[in-house]
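Coordinates from my_file_13.cif are shown below (mmCIF, C-alpha atoms).
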```cif
data_my_file
#
loop_
_atom_site.label_atom_id
_atom_site.label_comp_id
_atom_site.auth_asym_id
_atom_site.auth_seq_id
_atom_site.Cartn_x
_atom_site.Cartn_y
_atom_site.Cartn_z
CA MET A 1 -22.73 -23.45 -1.73
CA ASP A 2 -20.42 -20.62 -0.62
CA GLU A 3 -21.30 -17.16 -1.81
CA VAL A 4 -18.98 -15.52 -4.36
CA LYS A 5 -17.93 -12.12 -3.11
CA VAL A 6 -16.19 -9.58 -5.34
CA ILE A 7 -13.40 -7.94 -3.33
CA VAL A 8 -12.03 -5.74 -6.12
CA ALA A 9 -12.60 -5.68 -9.85
CA HIS A 10 -11.33 -3.34 -12.57
CA SER A 11 -9.65 -3.57 -15.95
CA GLU A 12 -6.27 -4.64 -14.55
CA ARG A 13 -7.25 -7.37 -12.11
CA ALA A 14 -9.99 -8.87 -9.97
CA THR A 15 -10.13 -10.66 -6.64
CA LEU A 16 -13.01 -12.93 -5.62
CA ARG A 17 -13.68 -14.70 -2.33
CA VAL A 18 -15.39 -18.10 -2.26
CA GLY A 19 -15.64 -19.36 1.30
CA ASP A 20 -12.12 -19.40 2.70
CA VAL A 21 -10.44 -19.17 -0.70
CA PHE A 22 -9.44 -16.01 -2.57
CA LEU A 23 -9.17 -16.20 -6.34
CA LYS A 24 -6.90 -13.53 -7.81
CA VAL A 25 -7.21 -12.94 -11.56
CA ASN A 26 -4.46 -10.83 -13.09
CA ALA A 27 -3.67 -10.22 -16.75
CA ASP A 28 -0.04 -9.43 -15.82
CA GLN A 29 1.48 -12.77 -14.79
CA THR A 30 4.65 -11.03 -13.61
CA ARG A 31 2.67 -9.61 -10.71
CA ILE A 32 1.62 -13.11 -9.69
CA ASP A 33 5.23 -14.29 -9.95
CA VAL A 34 6.32 -11.45 -7.67
CA GLU A 35 3.58 -12.23 -5.17
CA ILE A 36 4.44 -15.92 -4.88
CA GLU A 37 8.16 -15.26 -4.60
CA ALA A 38 7.73 -12.52 -2.00
CA MET A 39 5.42 -14.57 0.20
CA ALA A 40 7.92 -17.41 0.17
CA LEU A 41 10.72 -15.09 1.31
CA ALA A 42 8.93 -12.78 3.75
CA PRO A 43 9.62 -13.55 7.45
CA VAL A 44 6.08 -12.53 8.45
CA PRO A 45 2.73 -14.37 8.30
CA THR A 46 1.42 -14.61 4.71
CA PRO A 47 -1.45 -16.48 3.03
CA GLN A 48 -1.02 -20.09 1.97
CA VAL A 49 -0.82 -20.56 -1.80
CA LEU A 50 -3.31 -23.30 -2.74
CA TRP A 51 -2.80 -23.51 -6.48
CA ARG A 52 -1.99 -21.50 -9.57
CA LYS A 53 -3.46 -21.82 -13.03
CA PRO A 54 -2.78 -18.67 -15.09
CA PRO A 55 -4.31 -16.19 -14.98
CA VAL A 56 -5.70 -17.31 -11.60
CA LEU A 57 -3.93 -17.63 -8.24
CA ALA A 58 -5.81 -19.29 -5.36
CA ILE A 59 -4.78 -18.48 -1.81
CA ALA A 60 -6.26 -19.34 1.57
CA ALA A 61 -7.90 -16.66 3.68
CA VAL A 62 -5.89 -15.56 6.70
CA PRO A 63 -7.54 -15.58 10.14
CA GLY A 64 -8.57 -12.42 11.94
CA LYS A 65 -9.69 -9.15 10.43
CA ALA A 66 -8.08 -6.23 8.65
CA LEU A 67 -6.30 -3.67 10.82
CA GLY A 68 -8.72 -1.14 9.35
CA ARG A 69 -9.98 0.53 6.19
CA LEU A 70 -9.08 3.81 4.58
CA GLY A 71 -11.82 6.31 5.34
CA GLU A 72 -13.04 4.44 8.43
CA PRO A 73 -11.92 4.64 12.08
CA SER A 74 -9.76 1.67 13.06
CA THR A 75 -11.09 -0.40 15.95
CA ALA A 76 -7.73 -2.14 16.39
CA SER A 77 -5.87 -1.53 19.64
CA PRO A 78 -2.65 0.51 19.93
CA ALA A 79 -0.92 -2.81 20.65
CA ALA A 80 -2.16 -4.23 17.34
CA TRP A 81 -0.81 -1.19 15.49
CA ALA A 82 2.50 -1.61 17.32
CA ALA A 83 2.56 -5.29 16.35
CA ALA A 84 2.14 -4.20 12.73
CA GLY A 85 5.12 -1.91 13.14
CA ALA A 86 7.19 -4.76 14.58
CA ALA A 87 6.23 -7.06 11.69
CA ILE A 88 7.19 -4.41 9.17
CA ARG A 89 10.57 -3.94 10.85
CA LYS A 90 11.15 -7.70 10.65
CA LEU A 91 10.37 -7.58 6.93
CA HIS A 92 12.61 -4.57 6.33
CA ASP A 93 15.52 -6.27 8.13
CA ALA A 94 15.20 -9.47 6.05
CA PRO A 95 17.62 -10.33 3.21
CA LEU A 96 16.84 -8.37 0.08
CA PRO A 97 14.83 -9.99 -2.71
CA ALA A 98 16.29 -9.91 -6.20
CA ARG A 99 13.60 -7.66 -7.68
CA THR A 100 13.03 -3.94 -7.26
CA GLY A 101 9.53 -3.24 -5.97
CA ARG A 102 7.08 -0.39 -6.25
CA ALA A 103 8.68 1.29 -3.24
CA GLY A 104 12.02 1.29 -5.07
CA ARG A 105 11.18 3.24 -8.20
CA ASP A 106 13.83 5.47 -9.78
CA LEU A 107 13.62 8.89 -8.16
CA ASP A 108 13.97 10.88 -11.39
CA GLU A 109 11.23 8.87 -13.07
CA LEU A 110 9.02 9.20 -10.01
CA ALA A 111 9.52 12.97 -9.86
CA ALA A 112 8.70 13.28 -13.56
CA GLU A 113 5.53 11.21 -13.14
CA LEU A 114 4.52 13.26 -10.11
CA ASP A 115 4.98 16.56 -11.95
CA GLY A 116 2.95 15.29 -14.90
CA GLU A 117 0.21 14.00 -12.64
CA CYS A 118 0.02 17.31 -10.78
CA GLU A 119 -0.48 19.13 -14.08
CA LEU A 120 -3.29 16.76 -15.08
CA LEU A 121 -5.02 17.03 -11.71
CA VAL A 122 -5.28 20.79 -12.14
CA ALA A 123 -5.94 20.80 -15.89
CA ASN A 124 -8.77 18.27 -15.53
CA GLY A 125 -10.31 20.11 -12.61
CA LEU A 126 -9.89 17.18 -10.23
CA LEU A 127 -8.14 19.20 -7.52
CA PRO A 128 -7.59 22.93 -6.88
CA ALA A 129 -4.21 24.31 -7.89
CA ASP A 130 -3.24 25.50 -4.40
CA LEU A 131 -3.89 22.05 -2.91
CA VAL A 132 -1.77 20.38 -5.60
CA THR A 133 1.04 22.94 -5.32
CA ARG A 134 1.28 22.66 -1.54
CA ASN A 135 1.33 18.85 -1.56
CA ARG A 136 3.87 18.76 -4.39
CA GLN A 137 6.11 20.82 -2.12
CA VAL A 138 5.56 18.43 0.78
CA ALA A 139 6.17 15.41 -1.46
CA GLU A 140 9.65 16.65 -2.38
CA ALA A 141 11.04 15.31 0.92
CA ALA A 142 10.37 11.73 -0.22
CA LEU A 143 12.57 12.15 -3.29
CA ARG A 144 15.89 11.52 -1.58
CA PRO A 145 18.44 8.68 -1.45
CA TRP A 146 17.43 5.70 0.68
CA THR A 147 18.95 2.40 1.80
CA PRO A 148 17.23 -0.57 0.10
CA ALA A 149 15.01 -2.74 2.28
CA PHE A 150 12.69 -5.70 1.65
CA THR A 151 9.44 -3.79 1.14
CA HIS A 152 5.85 -4.89 0.65
CA GLY A 153 5.15 -2.01 -1.74
CA ASP A 154 1.37 -1.82 -1.19
CA LEU A 155 1.05 -2.07 2.57
CA GLN A 156 -2.31 -0.36 2.86
CA ILE A 157 -4.17 -0.91 6.11
CA ALA A 158 -6.62 -3.40 4.60
CA HIS A 159 -3.73 -5.72 3.72
CA VAL A 160 -2.67 -6.31 7.35
CA PHE A 161 -4.76 -8.77 9.36
CA VAL A 162 -4.89 -9.05 13.14
CA ASP A 163 -6.49 -11.26 15.76
CA GLY A 164 -6.56 -9.26 18.97
CA ASP A 165 -3.07 -7.80 19.25
CA GLU A 166 -1.40 -10.41 17.02
CA ILE A 167 -0.57 -10.10 13.32
CA THR A 168 -2.11 -13.10 11.56
CA GLY A 169 -1.27 -12.31 7.95
CA ILE A 170 -0.15 -9.72 5.43
CA ILE A 171 -1.69 -10.09 1.98
CA ASP A 172 -1.28 -8.77 -1.59
CA TRP A 173 2.48 -8.93 -2.27
CA SER A 174 2.47 -8.19 -6.02
CA GLU A 175 4.36 -4.87 -5.55
CA ALA A 176 7.03 -6.32 -3.24
CA GLY A 177 10.77 -5.97 -3.71
CA GLN A 178 13.68 -3.74 -2.82
CA GLY A 179 12.56 -0.25 -1.88
CA ASP A 180 12.33 2.61 0.57
CA ALA A 181 11.28 1.35 4.01
CA LEU A 182 9.46 4.60 4.84
CA TYR A 183 7.16 4.07 1.86
CA ASP A 184 5.71 1.02 3.61
CA LEU A 185 5.25 2.86 6.91
CA ALA A 186 3.57 5.77 5.14
CA THR A 187 1.27 3.50 3.14
CA LEU A 188 0.12 1.67 6.27
CA THR A 189 -0.69 4.90 8.12
CA LEU A 190 -2.20 6.84 5.19
CA GLY A 191 -5.39 8.41 6.52
CA HIS A 192 -4.64 7.08 10.01
CA GLU A 193 -2.08 9.60 11.21
CA ALA A 194 -3.20 9.19 14.84
CA HIS A 195 -1.76 5.65 14.84
CA LEU A 196 1.66 6.56 13.42
CA SER A 197 3.21 6.81 16.88
CA ASP A 198 2.00 3.28 17.73
CA VAL A 199 3.47 1.89 14.51
CA ILE A 200 6.80 3.63 15.11
CA ALA A 201 6.87 2.32 18.70
CA GLY A 202 6.54 -1.22 17.37
CA TYR A 203 8.99 -0.54 14.55
CA GLY A 204 11.58 0.20 17.20
CA THR A 205 13.62 3.00 15.66
CA ASP A 206 13.25 6.68 14.90
CA VAL A 207 11.99 7.59 11.44
CA ASP A 208 11.93 10.88 9.55
CA LEU A 209 8.36 12.12 9.98
CA ASP A 210 8.77 14.66 7.18
CA VAL A 211 9.48 11.82 4.77
CA ILE A 212 6.43 9.88 6.02
CA ARG A 213 4.24 12.94 5.41
CA ALA A 214 5.89 13.43 2.04
CA TRP A 215 4.96 9.89 1.01
CA TRP A 216 1.36 10.53 2.16
CA SER A 217 1.18 13.50 -0.18
CA LEU A 218 3.01 11.79 -3.03
CA ARG A 219 0.96 8.60 -2.91
CA SER A 220 -2.28 10.58 -2.73
CA LEU A 221 -1.38 12.88 -5.62
CA LEU A 222 -0.51 9.89 -7.80
CA GLY A 223 -3.62 7.99 -6.78
CA VAL A 224 -6.49 10.47 -7.19
CA ARG A 225 -6.91 10.34 -10.96
CA TRP A 226 -6.45 6.55 -11.13
CA LEU A 227 -9.06 6.05 -8.43
CA VAL A 228 -11.57 8.28 -10.19
CA GLU A 229 -11.01 6.56 -13.54
CA HIS A 230 -11.49 3.12 -11.96
CA GLY A 231 -14.73 3.93 -10.17
CA PHE A 232 -13.41 4.71 -6.69
CA ASP A 233 -13.98 7.92 -4.70
CA PRO A 234 -10.78 9.53 -3.36
CA SER A 235 -12.85 12.43 -1.98
CA ALA A 236 -14.77 10.22 0.48
CA PRO A 237 -14.23 11.28 4.11
CA GLY A 238 -10.82 10.25 5.41
CA CYS A 239 -9.48 9.23 1.99
CA GLU A 240 -6.83 10.66 -0.34
CA VAL A 241 -8.28 14.14 -0.84
CA ASP A 242 -8.66 14.61 2.91
CA VAL A 243 -5.07 13.44 3.33
CA LEU A 244 -3.98 16.15 0.91
CA ARG A 245 -6.10 18.78 2.66
CA SER A 246 -4.50 17.94 6.00
CA ARG A 247 -1.19 19.29 4.70
CA MET A 248 -2.62 22.75 4.03
#
```
Show the structure stored in the file as structure tokens.
Amino acid sequence: MDEVKVIVAHSERATLRVGDVFLKVNADQTRIDVEIEAMALAPVPTPQVLWRKPPVLAIAAVPGKALGRLGEPSTASPAAWAAAGAAIRKLHDAPLPARTGRAGRDLDELAAELDGECELLVANGLLPADLVTRNRQVAEAALRPWTPAFTHGDLQIAHVFVDGDEITGIIDWSEAGQGDALYDLATLTLGHEAHLSDVIAGYGTDVDLDVIRAWWSLRSLLGVRWLVEHGFDPSAPGCEVDVLRSRM
């Protein structure tokens, strides 16, 4: 009998692996709807949907291994990182989906959430005030008009799978939709700044590096408290707190 492995589990959702099948349990069925729709539309390799029985979605494992993990050095080659950039460009150039994704949030609402989160980080003693203030300043560059693209919305490094230098699958599409293309590029390279040039080379066009850095700061500021409250450690080496410190 195949071992049941818990990939992630918290109050919002859980993902289990049984052999070559992933079982995704999500209380919010809209997220599952988004995931299925996005995978059907995305012009990049995605997992095969096996079946759905709310609140569970079963998908097949993709071949290869993750491009890397946040907080760990990536063993993937520069060519693999460039291939990821090329796949992202293909996604961003695809026809727009109907929905707005996480990368397409209203800028005024996002700025208000960021300001509130910064206050809580300091008030609760989670981060020093100077670190929060500096990164809030950096994050401002992300809060600008952008041209909508087909975005993944949660393109963290562990969601991109490679076999050698080839992209074999991109997983976890529940935040997909119209959004800011640079949000995806920043999410992929969060904590792996050394590989940004490889990703951009594969992406095939110049990007605003200040906006990429701004999204690193913004995503990290918004993530620290949630991670702590859900049992994760954003202060582990190479993770969100180190990302924020690198901007000092």
task: Just give me the gap between atom CA of Ala142 of chain A and atom CA of Gln156 of chain A in Å, one decimal is fine.
output: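 Straight-line distance from atom CA of Ala142 of chain A to atom CA of Gln156 of chain A works out to 17.8 Å.
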Residues returned when the PyMOL selection byres ((chain A and resi 203) around 7) runs on this file, as a VMD selection string: chain A and resid 85 to 86 88 to 89 199 to 202 204 to 205
Take the residues from that selection and write them out as a PDB file, in the coordinates of the input, keeping C-alpha atoms.
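Below you can see again30.pdb, which holds the result:
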```
ATOM      1  CA  GLY A  85       5.120  -1.910  13.140  1.00  0.00           C
ATOM      2  CA  ALA A  86       7.190  -4.760  14.580  1.00  0.00           C
ATOM      3  CA  ILE A  88       7.190  -4.410   9.170  1.00  0.00           C
ATOM      4  CA  ARG A  89      10.570  -3.940  10.850  1.00  0.00           C
ATOM      5  CA  VAL A 199       3.470   1.890  14.510  1.00  0.00           C
ATOM      6  CA  ILE A 200       6.800   3.630  15.110  1.00  0.00           C
ATOM      7  CA  ALA A 201       6.870   2.320  18.700  1.00  0.00           C
ATOM      8  CA  GLY A 202       6.540  -1.220  17.370  1.00  0.00           C
ATOM      9  CA  GLY A 204      11.580   0.200  17.200  1.00  0.00           C
ATOM     10  CA  THR A 205      13.620   3.000  15.660  1.00  0.00           C
TER      11      THR A 205
END
```
- request: Carefully work through the PyMOL selection byres ((chain A and resi 77) around 12) for this structure and note down the residues it includes, as a list in words.
  value: Leu67, Gly68, Pro73, Ser74, Thr75, Ala76, Pro78, Ala79, Ala80, Trp81, Ala82, Ala83, Ala84, Val162, Asp163, Gly164, Asp165, Glu166, Ile167, His195, Asp198 and Val199 of chain A
Just the residues within 6 Å of segment 230-242 of chain A, please, counting all atoms listed in the file, with nothing from its chain fewer than 4 positions along; format it as a CSV table (one decimal) with C-alpha atoms, in the coordinates of the input.
```
chain,number,residue,atom,x,y,z
A,71,GLY,CA,-11.8,6.3,5.3
A,191,GLY,CA,-5.4,8.4,6.5
A,220,SER,CA,-2.3,10.6,-2.7
A,224,VAL,CA,-6.5,10.5,-7.2
```
query: Suppose you want the space between atom CA of Val62 of chain A and atom CA of Val49 of chain A; what is it in Å?
result: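 Straight-line distance from atom CA of Val62 of chain A to atom CA of Val49 of chain A works out to 11.1 Å.
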field: Nearest residue to Lys90 of chain A from the set A:Thr168, A:Thr151, A:Ser217, A:Ser246 (distances using all atoms listed in the file)
entry: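 Smallest separation from Lys90 of chain A among the options: A:Thr151.
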task: Taking the file above as input, evaluate the PyMOL selection byres ((chain A and resi 185) around 9) and report the hits as a PyMOL selection string.
output: chain A and resi 85+88+155+181-184+186-190+196+199-200+212
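We find atom CA of Arg102 of chain A and atom CA of Val21 of chain A to be spaced 26.3 Å apart.
Among the candidates A:Trp215, A:Phe161, A:Phe150, A:Phe22, the residue lying nearest to Arg99 of chain A is A:Phe150 (atoms considered: only C-alpha atoms).
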Starting from 5 Å padding per side, set up an axis-aligned box that covers all listed atoms of segment 241-248 of chain A and hand over centre and edge lengths in Å, one decimal, as AutoDock Vina command-line options.
```
--center_x -4.9 --center_y 18.1 --center_z 2.6 --size_x 17.5 --size_y 19.3 --size_z 16.8
```
message: Measuring between only C-alpha atoms, which one of A:Val228, A:Ala42, A:Leu57, A:Leu222 shows the shortest distance to Leu110 of chain A?
response: A:Leu222
message: At a cut-off of 10 Å around the point (3.5, -9.7, -8.7) (file coordinates), what residues fall inside when counting only C-alpha atoms? I'd like the answer as an MDAnalysis selection string.
response: chainID A and resid 26 28:38 101 172:177
- request: Select, from A:Ala14, A:Ile171, A:Leu221, A:Leu227, the residue with the minimum atom-to-atom distance to Leu127 of chain A, counting only C-alpha atoms.
  value: A:Leu221
task: Do a neighbour search on Pro95 of chain A at 9 Å with all atoms listed in the file, toss out local chain neighbours closer than 4 positions, and write the hits as a list of chain:residue names.
output: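 These residues fall inside the cut-off: A:Leu41, A:Leu91, A:Ala149, A:Phe150.
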- request: Select, from A:Arg225, A:Pro45, A:Asp2, A:His10, the residue with the minimum atom-to-atom distance to Gly125 of chain A, counting all atoms listed in the file.
  value: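 The answer is A:Arg225, which sits nearest to Gly125 of chain A.
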message: Using all atoms listed in the file, can you tell me which of A:Leu107, A:Glu72, A:Val25, A:Arg213 comes closest to Pro54 of chain A?
response: A:Val25
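For Thr133 of chain A, the list of residues within 12 Å, based on all atoms listed in the file and with local chain neighbours fewer than 2 positions off taken out, reads Leu114, Asp115, Glu117, Cys118, Glu119, Leu121, Val122, Leu127, Pro128, Ala129, Asp130, Leu131, Asn135, Arg136, Gln137, Val138, Ala139, Glu140, Ser217, Leu218, Leu221, Leu244, Arg245, Arg247 and Met248 of chain A.
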Is there a way to complete segment 184-199 of chain A with N, CA, C and O atoms and then write that out as a PDB file, keeping the file's coordinate frame?
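Just written: part06.pdb:
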```
ATOM      1  N   ASP A 184       6.607   1.977   2.979  1.00  0.00           N
ATOM      2  CA  ASP A 184       5.710   1.020   3.610  1.00  0.00           C
ATOM      3  C   ASP A 184       5.034   1.618   4.844  1.00  0.00           C
ATOM      4  O   ASP A 184       3.819   1.475   5.044  1.00  0.00           O
ATOM      5  N   LEU A 185       5.814   2.274   5.696  1.00  0.00           N
ATOM      6  CA  LEU A 185       5.250   2.860   6.910  1.00  0.00           C
ATOM      7  C   LEU A 185       4.225   3.937   6.578  1.00  0.00           C
ATOM      8  O   LEU A 185       3.181   4.042   7.232  1.00  0.00           O
ATOM      9  N   ALA A 186       4.510   4.722   5.549  1.00  0.00           N
ATOM     10  CA  ALA A 186       3.570   5.770   5.140  1.00  0.00           C
ATOM     11  C   ALA A 186       2.303   5.176   4.547  1.00  0.00           C
ATOM     12  O   ALA A 186       1.195   5.660   4.803  1.00  0.00           O
ATOM     13  N   THR A 187       2.432   4.127   3.752  1.00  0.00           N
ATOM     14  CA  THR A 187       1.270   3.500   3.140  1.00  0.00           C
ATOM     15  C   THR A 187       0.348   2.921   4.200  1.00  0.00           C
ATOM     16  O   THR A 187      -0.876   3.071   4.138  1.00  0.00           O
ATOM     17  N   LEU A 188       0.923   2.263   5.201  1.00  0.00           N
ATOM     18  CA  LEU A 188       0.120   1.670   6.270  1.00  0.00           C
ATOM     19  C   LEU A 188      -0.675   2.730   7.029  1.00  0.00           C
ATOM     20  O   LEU A 188      -1.835   2.507   7.393  1.00  0.00           O
ATOM     21  N   THR A 189      -0.070   3.886   7.273  1.00  0.00           N
ATOM     22  CA  THR A 189      -0.690   4.900   8.120  1.00  0.00           C
ATOM     23  C   THR A 189      -1.407   5.989   7.330  1.00  0.00           C
ATOM     24  O   THR A 189      -1.906   6.951   7.922  1.00  0.00           O
ATOM     25  N   LEU A 190      -1.489   5.851   6.017  1.00  0.00           N
ATOM     26  CA  LEU A 190      -2.200   6.840   5.190  1.00  0.00           C
ATOM     27  C   LEU A 190      -3.636   6.979   5.678  1.00  0.00           C
ATOM     28  O   LEU A 190      -4.379   6.000   5.753  1.00  0.00           O
ATOM     29  N   GLY A 191      -4.039   8.181   6.026  1.00  0.00           N
ATOM     30  CA  GLY A 191      -5.390   8.410   6.520  1.00  0.00           C
ATOM     31  C   GLY A 191      -5.594   8.000   7.961  1.00  0.00           C
ATOM     32  O   GLY A 191      -6.706   8.142   8.496  1.00  0.00           O
ATOM     33  N   HIS A 192      -4.565   7.499   8.605  1.00  0.00           N
ATOM     34  CA  HIS A 192      -4.640   7.080  10.010  1.00  0.00           C
ATOM     35  C   HIS A 192      -3.446   7.645  10.768  1.00  0.00           C
ATOM     36  O   HIS A 192      -2.748   6.930  11.501  1.00  0.00           O
ATOM     37  N   GLU A 193      -3.241   8.937  10.628  1.00  0.00           N
ATOM     38  CA  GLU A 193      -2.080   9.600  11.210  1.00  0.00           C
ATOM     39  C   GLU A 193      -2.017   9.422  12.727  1.00  0.00           C
ATOM     40  O   GLU A 193      -0.927   9.358  13.312  1.00  0.00           O
ATOM     41  N   ALA A 194      -3.170   9.311  13.381  1.00  0.00           N
ATOM     42  CA  ALA A 194      -3.200   9.190  14.840  1.00  0.00           C
ATOM     43  C   ALA A 194      -2.504   7.919  15.319  1.00  0.00           C
ATOM     44  O   ALA A 194      -2.084   7.841  16.484  1.00  0.00           O
ATOM     45  N   HIS A 195      -2.372   6.916  14.446  1.00  0.00           N
ATOM     46  CA  HIS A 195      -1.760   5.650  14.840  1.00  0.00           C
ATOM     47  C   HIS A 195      -0.284   5.561  14.446  1.00  0.00           C
ATOM     48  O   HIS A 195       0.351   4.521  14.691  1.00  0.00           O
ATOM     49  N   LEU A 196       0.257   6.607  13.862  1.00  0.00           N
ATOM     50  CA  LEU A 196       1.660   6.560  13.420  1.00  0.00           C
ATOM     51  C   LEU A 196       2.592   6.334  14.600  1.00  0.00           C
ATOM     52  O   LEU A 196       3.554   5.557  14.495  1.00  0.00           O
ATOM     53  N   SER A 197       2.323   6.971  15.733  1.00  0.00           N
ATOM     54  CA  SER A 197       3.210   6.810  16.880  1.00  0.00           C
ATOM     55  C   SER A 197       3.215   5.364  17.385  1.00  0.00           C
ATOM     56  O   SER A 197       4.255   4.853  17.819  1.00  0.00           O
ATOM     57  N   ASP A 198       2.056   4.689  17.321  1.00  0.00           N
ATOM     58  CA  ASP A 198       2.000   3.280  17.730  1.00  0.00           C
ATOM     59  C   ASP A 198       2.834   2.408  16.793  1.00  0.00           C
ATOM     60  O   ASP A 198       3.564   1.518  17.238  1.00  0.00           O
ATOM     61  N   VAL A 199       2.710   2.662  15.492  1.00  0.00           N
ATOM     62  CA  VAL A 199       3.470   1.890  14.510  1.00  0.00           C
ATOM     63  C   VAL A 199       4.969   2.102  14.712  1.00  0.00           C
ATOM     64  O   VAL A 199       5.745   1.132  14.709  1.00  0.00           O
TER      65      VAL A 199
END
```
